[in-house]
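S.K.: Handing over final.csv, CSV, C-alpha atoms.
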chain,number,residue,atom,x,y,z
N,769,MET,CA,-67.0,-13.7,184.6
N,770,GLN,CA,-65.7,-13.4,188.2
N,771,LEU,CA,-68.0,-14.0,191.1
N,772,GLU,CA,-67.2,-10.5,192.5
N,773,GLN,CA,-68.2,-9.0,189.2
N,774,PHE,CA,-71.5,-10.9,189.1
N,775,ILE,CA,-72.4,-9.9,192.6
N,776,GLU,CA,-71.5,-6.3,192.0
N,777,GLN,CA,-73.9,-6.3,189.0
N,778,SER,CA,-76.7,-7.9,190.9
N,779,GLU,CA,-76.5,-6.5,194.4
N,780,GLN,CA,-78.4,-3.3,194.0
N,781,ARG,CA,-81.3,-4.9,192.1
N,782,ALA,CA,-81.3,-7.7,194.7
N,783,TYR,CA,-81.5,-5.1,197.5
N,784,GLN,CA,-84.3,-3.2,195.8
N,785,THR,CA,-86.2,-6.4,195.2
N,786,ALA,CA,-85.8,-7.3,198.9
N,787,LEU,CA,-86.7,-3.8,199.9
N,788,TYR,CA,-90.0,-4.0,197.9
N,789,ALA,CA,-90.8,-7.2,199.8
N,790,THR,CA,-89.8,-6.2,203.3
N,791,ARG,CA,-90.1,-2.4,203.2
N,792,ASN,CA,-87.3,-2.3,205.6
N,793,SER,CA,-83.7,-1.5,204.7
N,794,GLU,CA,-82.1,-3.6,207.5
N,795,ASP,CA,-84.1,-6.7,206.6
N,796,ALA,CA,-83.5,-6.2,202.9
N,797,LEU,CA,-79.7,-5.9,203.6
N,798,ASP,CA,-79.8,-9.1,205.7
N,799,ILE,CA,-81.6,-11.0,203.0
N,800,VAL,CA,-79.1,-9.9,200.3
N,801,GLN,CA,-76.1,-10.6,202.5
N,802,ASP,CA,-77.4,-14.1,203.2
N,803,ALA,CA,-78.1,-14.7,199.5
N,804,MET,CA,-74.6,-13.5,198.5
N,805,MET,CA,-73.0,-15.7,201.2
N,806,LYS,CA,-75.0,-18.8,200.1
N,807,LEU,CA,-74.1,-18.3,196.5
N,808,ALA,CA,-70.4,-17.9,197.4
N,809,GLN,CA,-70.4,-20.9,199.8
N,810,GLN,CA,-72.3,-23.4,197.7
N,811,TYR,CA,-72.2,-22.4,194.1
N,812,SER,CA,-69.0,-20.3,193.5
N,813,ASP,CA,-67.5,-23.3,191.6
N,814,LYS,CA,-70.4,-23.5,189.2
N,815,PRO,CA,-70.2,-22.0,185.7
N,816,SER,CA,-70.8,-18.3,185.8
N,817,VAL,CA,-73.9,-18.7,183.5
N,818,GLU,CA,-75.6,-20.6,186.3
N,819,TRP,CA,-75.1,-17.9,188.9
N,820,GLY,CA,-78.0,-15.6,187.7
N,821,PRO,CA,-80.8,-18.3,188.0
N,822,LEU,CA,-79.2,-19.6,191.2
N,823,PHE,CA,-79.0,-16.1,192.8
N,824,HIS,CA,-82.7,-15.4,191.8
N,825,LYS,CA,-83.7,-18.7,193.4
N,826,ILE,CA,-81.7,-18.1,196.6
N,827,LEU,CA,-83.0,-14.5,196.9
N,828,GLN,CA,-86.6,-15.6,196.4
N,829,SER,CA,-86.1,-18.4,199.0
N,830,LYS,CA,-84.7,-15.9,201.5
N,831,ILE,CA,-87.6,-13.4,200.9
N,832,HIS,CA,-90.1,-16.3,201.3
N,833,ASP,CA,-88.4,-17.2,204.6
N,834,TRP,CA,-88.6,-13.6,205.7
N,835,TYR,CA,-92.4,-13.6,205.0
N,836,ARG,CA,-92.9,-16.8,206.9
N,837,ARG,CA,-91.0,-15.6,209.9
N,838,ARG,CA,-92.9,-12.3,209.8
N,839,ASN,CA,-96.3,-14.1,209.6
N,840,VAL,CA,-95.4,-16.3,212.6
N,841,ARG,CA,-94.2,-13.2,214.5
N,842,GLN,CA,-97.4,-11.3,213.7
N,843,LYS,CA,-99.6,-14.2,214.8
N,844,TRP,CA,-97.6,-14.5,218.0
N,845,ILE,CA,-98.0,-10.7,218.6
N,846,ALA,CA,-101.8,-11.0,217.9
N,847,LEU,CA,-102.0,-13.8,220.4
N,848,ASN,CA,-99.8,-12.0,223.0
N,849,PRO,CA,-100.4,-8.3,222.7
N,850,PHE,CA,-98.4,-7.6,225.8
N,851,SER,CA,-95.3,-9.5,224.7
N,852,ILE,CA,-92.0,-7.7,224.5
N,853,GLY,CA,-91.6,-6.0,221.2
N,854,GLY,CA,-95.4,-6.3,220.6
N,855,GLY,CA,-95.6,-2.8,219.4
N,856,ALA,CA,-92.8,-3.1,216.9
N,857,THR,CA,-93.9,-4.0,213.4
N,858,ASP,CA,-91.9,-4.1,210.2
N,859,GLY,CA,-91.7,-1.2,207.9
N,860,GLY,CA,-88.8,0.7,209.2
N,861,SER,CA,-89.8,1.1,212.8
N,862,ASN,CA,-86.2,0.9,214.1
N,863,GLY,CA,-85.1,4.1,212.6
N,864,ASN,CA,-83.9,2.3,209.5
N,865,GLN,CA,-84.3,3.6,206.0
N,866,SER,CA,-87.9,2.9,205.2
N,867,TYR,CA,-89.1,2.2,201.8
N,868,ASP,CA,-92.0,4.6,202.3
N,869,GLY,CA,-89.6,7.5,202.4
N,870,ASP,CA,-88.9,7.0,198.7
N,871,SER,CA,-92.4,7.5,197.6
N,872,ASN,CA,-92.5,10.9,199.4
N,873,SER,CA,-89.6,12.2,197.5
N,874,ASP,CA,-90.0,15.0,195.0
N,875,PRO,CA,-91.5,13.6,191.8
N,876,ILE,CA,-89.7,16.2,189.7
N,877,GLU,CA,-86.4,15.0,191.1
N,878,ASN,CA,-87.4,11.4,190.5
N,879,ALA,CA,-88.0,12.1,186.8
N,880,ALA,CA,-84.6,13.5,186.1
N,881,GLU,CA,-83.9,11.3,183.1
N,882,LEU,CA,-87.1,12.4,181.3
N,883,LYS,CA,-85.4,15.4,179.7
N,884,ASN,CA,-86.9,15.0,176.3
N,885,THR,CA,-90.5,15.2,177.5
N,886,LYS,CA,-92.6,18.3,178.1
N,887,PRO,CA,-92.8,19.5,181.7
N,888,ASP,CA,-96.5,18.4,182.0
N,889,ASP,CA,-95.6,15.0,180.7
N,890,LYS,CA,-92.7,14.7,183.0
N,891,LEU,CA,-94.8,15.5,186.0
N,892,ALA,CA,-97.5,13.1,184.8
N,893,GLN,CA,-95.0,10.3,184.3
N,894,SER,CA,-93.4,11.0,187.6
N,895,ARG,CA,-96.7,10.8,189.3
N,896,ALA,CA,-97.4,7.5,187.5
N,897,MET,CA,-94.0,6.2,188.7
N,898,ASN,CA,-94.9,7.1,192.3
N,899,VAL,CA,-98.3,5.4,192.0
N,900,LEU,CA,-96.8,2.4,190.5
N,901,ASN,CA,-94.1,2.3,193.1
N,902,ASP,CA,-96.6,2.3,195.9
N,903,ALA,CA,-98.9,-0.2,194.1
N,904,VAL,CA,-96.1,-2.7,193.6
N,905,GLN,CA,-95.0,-2.2,197.2
N,906,ASN,CA,-98.6,-3.1,198.3
N,907,LEU,CA,-99.0,-6.1,196.1
N,908,PRO,CA,-99.3,-9.5,197.8
N,909,GLN,CA,-95.9,-11.1,198.1
N,910,ARG,CA,-96.1,-13.7,195.3
N,911,GLN,CA,-97.7,-11.3,192.9
N,912,GLN,CA,-95.1,-8.7,193.7
N,913,GLN,CA,-92.1,-11.0,193.2
N,914,VAL,CA,-93.5,-12.5,190.0
N,915,PHE,CA,-94.1,-9.0,188.6
N,916,LEU,CA,-90.6,-7.9,189.5
N,917,LEU,CA,-89.0,-11.0,188.1
N,918,ARG,CA,-91.0,-10.8,184.9
N,919,THR,CA,-90.8,-7.0,184.2
N,920,TRP,CA,-87.6,-5.9,185.8
N,921,ASP,CA,-85.3,-8.9,185.6
N,922,GLY,CA,-86.8,-10.0,182.3
N,923,LEU,CA,-87.3,-13.6,183.2
N,924,ASN,CA,-89.7,-15.7,181.2
N,925,VAL,CA,-92.5,-17.8,182.8
N,926,ALA,CA,-90.3,-20.9,183.1
N,927,GLU,CA,-87.4,-19.1,184.7
N,928,THR,CA,-89.7,-17.2,187.1
N,929,ALA,CA,-91.3,-20.5,188.1
N,930,SER,CA,-87.9,-22.0,188.7
N,931,ALA,CA,-86.7,-19.0,190.8
N,932,MET,CA,-89.8,-19.0,192.9
N,933,GLY,CA,-90.1,-22.8,193.2
N,934,CYS,CA,-93.7,-22.9,191.9
N,935,SER,CA,-95.5,-24.1,188.7
N,936,GLN,CA,-95.6,-22.1,185.5
N,937,GLY,CA,-99.4,-21.9,185.8
N,938,SER,CA,-99.0,-20.3,189.2
N,939,VAL,CA,-96.6,-17.7,187.8
N,940,LYS,CA,-99.1,-16.8,185.0
N,941,THR,CA,-101.9,-16.5,187.6
N,942,HIS,CA,-99.9,-14.3,189.9
N,943,TYR,CA,-98.7,-12.1,187.0
N,944,SER,CA,-102.1,-11.7,185.6
N,945,ARG,CA,-103.6,-10.7,189.0
N,946,ALA,CA,-100.7,-8.2,189.6
N,947,VAL,CA,-101.2,-6.6,186.2
N,948,HIS,CA,-105.0,-6.5,186.7
N,949,LYS,CA,-104.6,-4.8,190.1
N,950,LEU,CA,-102.0,-2.3,188.7
N,951,ARG,CA,-104.3,-1.6,185.8
N,952,GLU,CA,-107.1,-0.6,188.2
N,953,LEU,CA,-104.7,1.8,190.0
N,954,LEU,CA,-102.8,3.2,187.0
N,955,GLU,CA,-105.5,3.4,184.3
N,956,ASP,CA,-105.7,7.1,184.7
N,957,HIS,CA,-102.0,7.6,184.7
N,958,ILE,CA,-100.8,5.5,181.8
E,904,MET,CA,-105.6,-8.1,178.8
E,905,ASN,CA,-104.9,-5.0,176.8
E,906,ASP,CA,-101.5,-5.5,175.2
E,907,SER,CA,-100.8,-1.8,174.8
E,908,PHE,CA,-101.5,-1.1,178.4
E,909,GLU,CA,-99.4,-4.1,179.5
E,910,ASN,CA,-96.5,-2.8,177.3
E,911,LYS,CA,-96.8,0.6,178.8
E,912,LEU,CA,-96.9,-0.8,182.2
E,913,ILE,CA,-93.8,-2.9,181.6
E,914,ALA,CA,-91.9,0.1,180.3
E,915,LEU,CA,-93.0,2.3,183.2
E,916,SER,CA,-92.2,-0.4,185.7
E,917,GLU,CA,-88.7,-0.8,184.3
E,918,LYS,CA,-88.1,3.0,184.5
E,919,THR,CA,-89.5,3.2,188.0
E,920,PHE,CA,-87.5,0.3,189.4
E,921,ASN,CA,-84.3,1.6,187.8
E,922,LYS,CA,-85.0,5.0,189.2
E,923,GLN,CA,-85.3,3.5,192.6
E,924,LEU,CA,-81.7,2.2,192.3
E,925,GLN,CA,-80.5,5.7,192.1
E,926,ASN,CA,-82.2,6.5,195.4
E,927,ILE,CA,-80.2,3.9,197.4
E,928,ASP,CA,-78.3,5.5,200.3
E,929,GLU,CA,-74.5,5.7,200.3
E,930,ASP,CA,-74.6,3.8,203.6
E,931,VAL,CA,-76.5,1.0,202.1
E,932,LEU,CA,-74.2,0.9,199.1
E,933,GLN,CA,-71.2,0.7,201.4
E,934,ARG,CA,-72.8,-2.2,203.3
E,935,LEU,CA,-73.6,-4.0,200.1
E,936,ARG,CA,-69.9,-3.6,199.1
E,937,GLN,CA,-68.8,-5.0,202.4
E,938,SER,CA,-71.2,-8.0,202.1
E,939,ARG,CA,-69.9,-8.6,198.6
E,940,GLN,CA,-66.3,-8.6,199.8
E,941,ASN,CA,-67.2,-11.1,202.6
E,942,ALA,CA,-68.9,-13.4,200.1
E,943,VAL,CA,-65.9,-13.3,197.7
E,944,GLU,CA,-63.5,-14.0,200.6
E,945,VAL,CA,-65.6,-17.0,201.6
E,946,ALA,CA,-65.6,-18.3,198.0
E,947,GLN,CA,-61.8,-17.9,197.8
E,948,MET,CA,-61.3,-19.7,201.1
E,949,GLN,CA,-63.5,-22.5,199.8
E,950,VAL,CA,-61.5,-22.9,196.7
E,951,LYS,CA,-58.2,-23.1,198.8
E,952,THR,CA,-59.7,-25.6,201.2
E,953,LYS,CA,-60.9,-27.8,198.4
E,954,SER,CA,-57.6,-27.8,196.6
E,955,ASN,CA,-55.7,-28.5,199.9
E,956,ALA,CA,-58.1,-31.4,200.7
E,957,ILE,CA,-57.4,-32.9,197.3
E,958,THR,CA,-53.6,-32.5,197.7
E,959,VAL,CA,-53.7,-34.3,201.1
E,960,SER,CA,-55.8,-37.1,199.9
E,961,PHE,CA,-54.0,-37.9,196.7
E,962,PRO,CA,-50.4,-36.7,196.3
E,963,SER,CA,-49.3,-36.4,192.7
E,964,TRP,CA,-47.5,-39.7,192.8
E,965,LEU,CA,-50.4,-41.6,194.4
E,966,SER,CA,-53.5,-42.2,192.5
E,967,PRO,CA,-56.5,-44.0,194.0
E,968,VAL,CA,-55.9,-47.1,191.8
E,969,SER,CA,-52.2,-47.4,192.8
E,970,THR,CA,-53.2,-46.9,196.4
E,971,ALA,CA,-55.7,-49.7,196.2
E,972,THR,CA,-53.2,-52.0,194.4
E,973,ALA,CA,-50.6,-51.3,197.1
E,974,PHE,CA,-53.0,-52.1,199.9
E,975,ALA,CA,-54.0,-55.3,198.2
E,976,SER,CA,-50.4,-56.3,197.7
E,977,ILE,CA,-49.5,-55.6,201.4
E,978,ALA,CA,-52.6,-57.6,202.5
E,979,LEU,CA,-51.6,-60.5,200.3
E,980,ILE,CA,-48.0,-60.6,201.5
E,981,ALA,CA,-49.1,-60.3,205.1
E,982,SER,CA,-51.6,-63.1,204.9
E,983,SER,CA,-49.1,-65.4,203.1
E,984,LEU,CA,-46.4,-64.7,205.8
E,985,TRP,CA,-49.0,-65.3,208.5
E,986,ILE,CA,-50.4,-68.6,207.0
E,987,GLN,CA,-47.0,-70.1,206.1
E,988,PRO,CA,-45.8,-70.7,209.6
E,989,VAL,CA,-49.1,-72.3,210.5
E,990,ILE,CA,-48.8,-74.8,207.7
E,991,GLN,CA,-45.2,-75.5,208.5
E,992,ALA,CA,-46.1,-75.9,212.2
E,993,GLU,CA,-48.8,-78.5,211.2
E,994,LEU,CA,-46.3,-80.4,209.0
E,995,THR,CA,-43.6,-80.5,211.6
E,996,ALA,CA,-46.1,-81.4,214.3
E,997,SER,CA,-47.5,-84.6,212.6
E,998,PRO,CA,-44.4,-86.9,213.1
E,999,LEU,CA,-44.3,-86.1,216.8
E,1000,GLU,CA,-48.0,-86.9,217.0
E,1001,ASP,CA,-47.2,-90.3,215.3
E,1002,ILE,CA,-44.5,-91.0,217.7
E,1003,SER,CA,-46.6,-90.2,220.6
E,1004,MET,CA,-49.4,-92.5,219.2
E,1005,LEU,CA,-46.9,-95.3,218.6
E,1006,MET,CA,-45.5,-94.9,222.1
E,1007,THR,CA,-49.0,-95.6,223.6
E,1008,SER,CA,-49.0,-99.1,225.1
E,1009,ASP,CA,-52.7,-99.8,224.1
E,1010,GLU,CA,-51.9,-99.4,220.4
E,1011,PHE,CA,-49.0,-101.9,220.6
E,1012,GLU,CA,-51.3,-104.5,222.1
E,1013,LEU,CA,-53.7,-104.1,219.3
E,1014,TYR,CA,-50.9,-104.7,216.7
E,1015,GLU,CA,-49.6,-107.7,218.7
E,1016,ASN,CA,-53.0,-109.4,218.7
E,1017,LEU,CA,-53.7,-108.5,215.0
E,1018,ASP,CA,-52.6,-112.0,213.9
E,1019,PHE,CA,-55.0,-113.6,216.3
E,1020,TYR,CA,-58.0,-111.5,215.0
E,1021,ILE,CA,-57.2,-112.5,211.4
E,1022,TRP,CA,-57.0,-116.2,212.4
E,1023,LEU,CA,-60.3,-115.9,214.2
E,1024,GLU,CA,-62.0,-114.4,211.2
E,1025,ASP,CA,-60.7,-117.1,208.9
E,1026,GLU,CA,-62.0,-119.8,211.3
E,1027,ASP,CA,-65.4,-118.2,211.3
E,1028,ASN,CA,-65.5,-118.2,207.5
E,1029,ALA,CA,-64.4,-121.8,207.3
E,1030,SER,CA,-67.1,-123.0,209.7
Please lay out the structure from this file as structure tokens.
M.R.:
Amino acid sequence: MQLEQFIEQSEQRAYQTALYATRNSEDALDIVQDAMMKLAQQYSDKPSVEWGPLFHKILQSKIHDWYRRRNVRQKWIALNPFSIGGGATDGGSNGNQSYDGDSNSDPIENAAELKNTKPDDKLAQSRAMNVLNDAVQNLPQRQQQVFLLRTWDGLNVAETASAMGCSQGSVKTHYSRAVHKLRELLEDHI
Amino acid sequence: MNDSFENKLIALSEKTFNKQLQNIDEDVLQRLRQSRQNAVEVAQMQVKTKSNAITVSFPSWLSPVSTATAFASIALIASSLWIQPVIQAELTASPLEDISMLMTSDEFELYENLDFYIWLEDEDNAS
């Protein structure tokens, strides 16, 4: 497989993963761009089977860096409420595409692929999808990323631990907490 | 944890996340394409740079082993050429030093009185 082909297959998922984490389109694009560049610069000569795990790892590292920088910035803003840019917080404040906009979209339109279900079911499922979307968006960072890697990217516990640079026990804990929280929010919808 | 709930949650999650991919703006998709192109160009440049570096370091007719052997041979020849004149200079210098030593008057007096010193020693032994 060519590097271009691999990136093409991965870029939208990577963007969506970063968007869940940052809730800001510009920041998500920056993260994905940096991750692509790092993969190309440092690992393009590696066998193509290694690109997937490496790209997950780089992306998670970039997301983690973004969280760290945001936390430092928020602490600085809290200490200096009159500092320049003090009123600007993340979440699409610069007129960028905000993640929140997706959750306000028409649930019927969002459920376009559910053609075989009854209209009531479609509506219920669409509502459940919106609730889940918001819930995942509001999960703590580590729980959110573990949940995405496990359920969406289909990584097992060991692969997730490797991508996130943490222990397998930590992955199990984060995943269990995420599922527990989502269960509380979605019990009436699933 | 209820397995059936978890299975339903996983199925719904997958559907939800995939659905979100369809909502990505065309502008974002364009920028992702551009980023991808940039990354691919960087990767191609890296491959070219690496292959050029290898060519400059080791031309096809010059392997690391042959380079090392050549340097060792040159060093050996250079050192032998440098040491040889020194040895020859030492060899050619020694007769001159002898002559100069022989030409010293003190040394001749010693040789002239040598018979006297031998006689003196014999006399001491006899007494």
S.K.: Hey, which of N:Arg781, N:Lys814, N:Lys949, N:His824 ends up closest to chain E? Count all atoms listed in the file.
M.R.: N:Arg781
S.K.: Work out how far apart CA of Leu912 (chain E) and CA of Ala789 (chain N) are and give it in Å to one decimal.
M.R.: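 Interatomic distance here is 19.7 Å.
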S.K.: Work out how far CA of Phe920 (chain E) is from CA of Trp920 (chain N), in Å to one decimal.
M.R.: 7.2 Å
S.K.: I'd like to know which of N:Asp956, N:Thr919, N:His948, N:Ala929 is closest to Ser916 (chain E), using all atoms listed in the file.
M.R.: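 Nearest candidate to Ser916 (chain E) out of N:Asp956, N:Thr919, N:His948, N:Ala929: N:Thr919.
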S.K.: Any idea what the distance is between CA of Met897 (chain N) and CA of Lys918 (chain E)?
M.R.: 7.9 Å
S.K.: Name the residues in contact with Asp813 (chain N) at a cut-off of 12 Å, using all atoms listed in the file, excluding same-chain residues fewer than 5 positions from it; report them as a PyMOL selection string.
M.R.: (chain N and resi 769-771+807-808+818-819) or (chain E and resi 943+945-951+953-954)
